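*Asks:* Below is one structure. I have some questions about it.
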Amino acid sequence: MDNVRTKGASELSALRRLIDLVRRWLTRTRKPDAVVWLPTSARDKMVSLARENSPNETGGVLLGYESADAAAVVITDLVDAGPGAKRKPSEFLPDGYWQEQEIARIYTESGRRSTYLGDWHSHPAGVAAPSRKDDRTAQKISAHVDARARSPLMVIVAKHRDTWRIAAYRFDGKRLRHAKLKLHA
Ligand SMILES: [Zn+2]
């Protein structure tokens, strides 16, 4: 009986070592995370909109441009949910018509530089990580011909005790992957 248990334990530790090895190999071969530059003013606006609308969810659209190699994304503008938005604790429906007009206005005023990059939304009672629904949303945006965002961004503002945490993700063709968020003036 003792023998069997010892054998089982050593097989288990061999398996653990193998899993560790695979995990380390995956980390080394993984592409580096994309860098997302966010204006401090946009971060502050997201947090204040998230706070104002809590316990309901809110969100909007992110505009900006990508670096030539697509490794960095620079957010220049933030669009909120709009005057006709409907908000609930676990979802919100933006005022799409108003948002389209805002996107067009910013695009023109930026000299056709700032285009649609993706979305942002709050998790008033959750973590700053994408839900399965968020993954599906990113998939839909990526597949949408008109969106012009093959690797859409998703920025999430989540309530953590008395503060709000912010994190950025980028769709890699399969799911939303964590991106490095850096603030710029
Ligand atoms: Zn979400």
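Letters A, B, ... mark the chains of the structure tokens in the order given; residue numbers begin at 1 per chain; ligand numbers begin at 1, in order shown.
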Enumerate, as a VMD selection string, the complete set of residues in segment 9-134 of chain A that a backbone-based DSSP assignment places in strand (DSSP E or B).
*Replies:* chain A and resid 35 to 39 59 to 66 72 to 79 86 to 87 92 to 93 115 to 123
*Asks:* So that I have them on file, write out the residues from the current selection with C-alpha atoms, as a PDB file, in the first residue's frame.
*Replies:*
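Printed below is again_10.pdb as written:
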ATOM      1  CA  VAL A  35       2.045  48.735 -25.174  1.00  0.00           C
ATOM      2  CA  VAL A  36      -0.995  50.975 -24.875  1.00  0.00           C
ATOM      3  CA  TRP A  37      -0.433  54.687 -24.275  1.00  0.00           C
ATOM      4  CA  LEU A  38      -3.326  56.358 -22.497  1.00  0.00           C
ATOM      5  CA  PRO A  39      -3.633  60.114 -21.818  1.00  0.00           C
ATOM      6  CA  GLY A  59     -18.330  52.703 -21.186  1.00  0.00           C
ATOM      7  CA  GLY A  60     -17.604  53.994 -24.638  1.00  0.00           C
ATOM      8  CA  VAL A  61     -15.172  54.090 -27.496  1.00  0.00           C
ATOM      9  CA  LEU A  62     -11.393  54.647 -27.746  1.00  0.00           C
ATOM     10  CA  LEU A  63      -9.749  56.482 -30.627  1.00  0.00           C
ATOM     11  CA  GLY A  64      -6.139  56.887 -31.633  1.00  0.00           C
ATOM     12  CA  TYR A  65      -3.539  55.282 -33.841  1.00  0.00           C
ATOM     13  CA  GLU A  66      -1.128  52.351 -33.992  1.00  0.00           C
ATOM     14  CA  ALA A  72       2.258  50.154 -29.666  1.00  0.00           C
ATOM     15  CA  VAL A  73      -1.142  51.781 -29.608  1.00  0.00           C
ATOM     16  CA  VAL A  74      -1.596  55.451 -28.763  1.00  0.00           C
ATOM     17  CA  ILE A  75      -5.007  56.446 -27.438  1.00  0.00           C
ATOM     18  CA  THR A  76      -5.794  60.087 -28.170  1.00  0.00           C
ATOM     19  CA  ASP A  77      -9.518  60.406 -27.466  1.00  0.00           C
ATOM     20  CA  LEU A  78     -12.272  58.924 -25.397  1.00  0.00           C
ATOM     21  CA  VAL A  79     -15.958  58.877 -26.282  1.00  0.00           C
ATOM     22  CA  LYS A  86     -29.073  52.593 -21.210  1.00  0.00           C
ATOM     23  CA  ARG A  87     -27.108  51.363 -18.215  1.00  0.00           C
ATOM     24  CA  PHE A  92     -24.916  48.902 -20.955  1.00  0.00           C
ATOM     25  CA  LEU A  93     -26.229  49.886 -24.342  1.00  0.00           C
ATOM     26  CA  THR A 115      -9.558  56.285 -35.768  1.00  0.00           C
ATOM     27  CA  TYR A 116     -11.558  53.707 -33.861  1.00  0.00           C
ATOM     28  CA  LEU A 117      -9.316  51.451 -31.726  1.00  0.00           C
ATOM     29  CA  GLY A 118     -11.755  49.628 -29.508  1.00  0.00           C
ATOM     30  CA  ASP A 119     -13.900  50.062 -26.429  1.00  0.00           C
ATOM     31  CA  TRP A 120     -13.694  50.774 -22.731  1.00  0.00           C
ATOM     32  CA  HIS A 121     -16.204  49.905 -20.018  1.00  0.00           C
ATOM     33  CA  SER A 122     -16.556  49.651 -16.279  1.00  0.00           C
ATOM     34  CA  HIS A 123     -16.887  46.636 -14.018  1.00  0.00           C
TER      35      HIS A 123
END
*Asks:* Give the residues close to ligand 1, within 8 Å, counting only C-alpha atoms and all ligand atoms; write them as a VMD selection string.
*Replies:* chain A and resid 90 to 91 121 to 123 129 to 131 133 to 134 156
*Asks:* I need the helix (DSSP H, G or I) residues of segment 74-184 of chain A per DSSP on the backbone, written as an NGL selection string.
*Replies:* :A and (96-109 or 132-143)
*Asks:* Please, what distance in Å, to one decimal, runs between atom CA of Asp172 of chain A and atom CA of Ala158 of chain A?
*Replies:*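 We find that atom CA of Asp172 of chain A and atom CA of Ala158 of chain A lie 22.2 Å from each other.
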*Asks:* Need to verify the contact set: Ala34 of chain A, 10 Å, only C-alpha atoms, exclusion of same-chain residues closer than 2 positions in sequence. Can you return it as an MDAnalysis selection string?
*Replies:* chainID A and resid 31:32 36:37 70:73 168:170 177:181
*Asks:* Would you put the residues from that selection into a file with C-alpha atoms, as a short mmCIF file (atom, residue, chain, number, x, y, z; two decimals), in the first residue's frame?
*Replies:*
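The file below, again-v1.cif, is the result:
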data_model
loop_
_atom_site.label_atom_id
_atom_site.label_comp_id
_atom_site.auth_asym_id
_atom_site.auth_seq_id
_atom_site.Cartn_x
_atom_site.Cartn_y
_atom_site.Cartn_z
CA LYS A 31 5.14 37.50 -28.10
CA PRO A 32 5.76 40.54 -25.88
CA VAL A 36 -1.00 50.98 -24.87
CA TRP A 37 -0.43 54.69 -24.27
CA ALA A 70 1.49 47.67 -34.54
CA ALA A 71 3.39 46.92 -31.31
CA ALA A 72 2.26 50.15 -29.67
CA VAL A 73 -1.14 51.78 -29.61
CA ALA A 168 -5.84 47.26 -21.03
CA TYR A 169 -6.31 44.22 -23.25
CA ARG A 170 -5.89 43.60 -26.94
CA ARG A 177 -4.61 39.45 -24.04
CA HIS A 178 -3.19 41.67 -21.34
CA ALA A 179 -1.37 44.76 -22.65
CA LYS A 180 1.03 47.12 -20.89
CA LEU A 181 -0.76 50.33 -20.03
#
*Asks:* Looking at A:Lys45, A:Arg113, A:Ser151, A:Ile141, which one is nearest to Asp80 of chain A, with distances taken over only C-alpha atoms?
*Replies:*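 Distance minimum relative to Asp80 of chain A lands on A:Lys45.
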*Asks:* Work out how far apart atom CA of Thr163 of chain A and atom CA of Asp33 of chain A are and give it in Å to one decimal.
*Replies:*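 Distance reported for this atom pair: 25.5 Å.
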*Asks:* If we count only C-alpha atoms and set the cut-off at 8 Å, which residues sit around Asp95 of chain A, ignoring sequence neighbours fewer than 4 positions away in its own chain? Please answer as an MDAnalysis selection string.
*Replies:* chainID A and resid 81:86 99
*Asks:* Please produce a file of the residues just selected, as a JSON list (two decimals), in the first residue's frame, where the atoms kept are N, CA and C atoms.
*Replies:*
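Result went into out_0.json, see below:
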[["chain", "number", "residue", "atom", "x", "y", "z"],
["A", 81, "ALA", "N", -20.65, 56.98, -23.34],
["A", 81, "ALA", "CA", -21.76, 56.16, -23.83],
["A", 81, "ALA", "C", -22.80, 56.97, -24.61],
["A", 82, "GLY", "N", -22.86, 58.29, -24.37],
["A", 82, "GLY", "CA", -23.79, 59.14, -25.09],
["A", 82, "GLY", "C", -25.07, 59.40, -24.33],
["A", 83, "PRO", "N", -25.81, 60.45, -24.76],
["A", 83, "PRO", "CA", -27.00, 60.88, -24.01],
["A", 83, "PRO", "C", -28.14, 59.85, -23.98],
["A", 84, "GLY", "N", -28.21, 58.99, -24.99],
["A", 84, "GLY", "CA", -29.31, 58.02, -25.04],
["A", 84, "GLY", "C", -28.93, 56.63, -24.53],
["A", 85, "ALA", "N", -27.81, 56.53, -23.82],
["A", 85, "ALA", "CA", -27.33, 55.21, -23.37],
["A", 85, "ALA", "C", -28.23, 54.64, -22.27],
["A", 86, "LYS", "N", -28.33, 53.29, -22.26],
["A", 86, "LYS", "CA", -29.07, 52.59, -21.21],
["A", 86, "LYS", "C", -28.06, 51.81, -20.39],
["A", 99, "GLN", "N", -22.43, 58.24, -30.78],
["A", 99, "GLN", "CA", -21.02, 57.83, -30.81],
["A", 99, "GLN", "C", -20.43, 57.93, -32.21]]
*Asks:* Looking at A:Arg105, A:Arg150, A:His160, A:His144, which one is nearest to Ala125 of chain A, with distances taken over only C-alpha atoms?
*Replies:*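 Answer, going by the shortest atom-to-atom distance: A:His160.
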*Asks:* Measure the distance from atom CA of Trp98 of chain A to atom CA of Arg136 of chain A in Å and round it to one decimal.
*Replies:* 23.7 Å
*Asks:* Please provide the set of residues having any atom within 7 Å of segment 126-128 of chain A, restricted to only C-alpha atoms, with same-chain residues fewer than 4 positions apart removed, written as an MDAnalysis selection string.
*Replies:* chainID A and resid 156:159 165:167
*Asks:* Keeping N, CA and C atoms for every residue in the selection just given, could you write it to a file as a PDB file, in the first residue's frame?
*Replies:*
ATOM      1  N   ILE A 156     -10.588  48.202 -19.331  1.00  0.00           N
ATOM      2  CA  ILE A 156     -11.573  47.917 -18.276  1.00  0.00           C
ATOM      3  C   ILE A 156     -11.229  48.693 -17.011  1.00  0.00           C
ATOM      4  N   VAL A 157     -12.247  49.374 -16.472  1.00  0.00           N
ATOM      5  CA  VAL A 157     -12.101  50.119 -15.215  1.00  0.00           C
ATOM      6  C   VAL A 157     -12.923  49.376 -14.174  1.00  0.00           C
ATOM      7  N   ALA A 158     -12.268  48.838 -13.163  1.00  0.00           N
ATOM      8  CA  ALA A 158     -12.992  48.023 -12.179  1.00  0.00           C
ATOM      9  C   ALA A 158     -12.891  48.611 -10.784  1.00  0.00           C
ATOM     10  N   LYS A 159     -13.996  48.500 -10.067  1.00  0.00           N
ATOM     11  CA  LYS A 159     -14.015  49.024  -8.699  1.00  0.00           C
ATOM     12  C   LYS A 159     -13.311  48.043  -7.782  1.00  0.00           C
ATOM     13  N   ARG A 165      -9.498  50.397 -10.503  1.00  0.00           N
ATOM     14  CA  ARG A 165      -8.310  49.883 -11.175  1.00  0.00           C
ATOM     15  C   ARG A 165      -8.551  49.880 -12.672  1.00  0.00           C
ATOM     16  N   ILE A 166      -7.505  50.088 -13.431  1.00  0.00           N
ATOM     17  CA  ILE A 166      -7.655  50.151 -14.878  1.00  0.00           C
ATOM     18  C   ILE A 166      -6.653  49.204 -15.544  1.00  0.00           C
ATOM     19  N   ALA A 167      -7.112  48.492 -16.553  1.00  0.00           N
ATOM     20  CA  ALA A 167      -6.232  47.563 -17.262  1.00  0.00           C
ATOM     21  C   ALA A 167      -6.608  47.532 -18.738  1.00  0.00           C
TER      22      ALA A 167
END
*Asks:* So that each row is one residue of segment 16-119 of chain A with an atom at most 12 Å from segment 8-11 of chain A, can you give its shortest atom pair and the distance in Å to one decimal, using only C-alpha atoms, rows by chain and rising number, as JSON lines?
*Replies:*
{"residue": "A:Arg16", "atom": "CA", "partner": "A:Glu11", "partner_atom": "CA", "distance": 8.6}
{"residue": "A:Arg17", "atom": "CA", "partner": "A:Glu11", "partner_atom": "CA", "distance": 9.9}
{"residue": "A:Leu18", "atom": "CA", "partner": "A:Glu11", "partner_atom": "CA", "distance": 10.5}
*Asks:* Could the residues in this selection be saved with C-alpha atoms as an mmCIF file, in the first residue's frame?
*Replies:*
data_model
loop_
_atom_site.group_PDB
_atom_site.id
_atom_site.type_symbol
_atom_site.label_atom_id
_atom_site.label_comp_id
_atom_site.auth_asym_id
_atom_site.auth_seq_id
_atom_site.Cartn_x
_atom_site.Cartn_y
_atom_site.Cartn_z
ATOM 1 C CA ARG A 16 4.388 18.779 -12.088
ATOM 2 C CA ARG A 17 7.975 19.238 -13.290
ATOM 3 C CA LEU A 18 6.839 18.641 -16.864
#
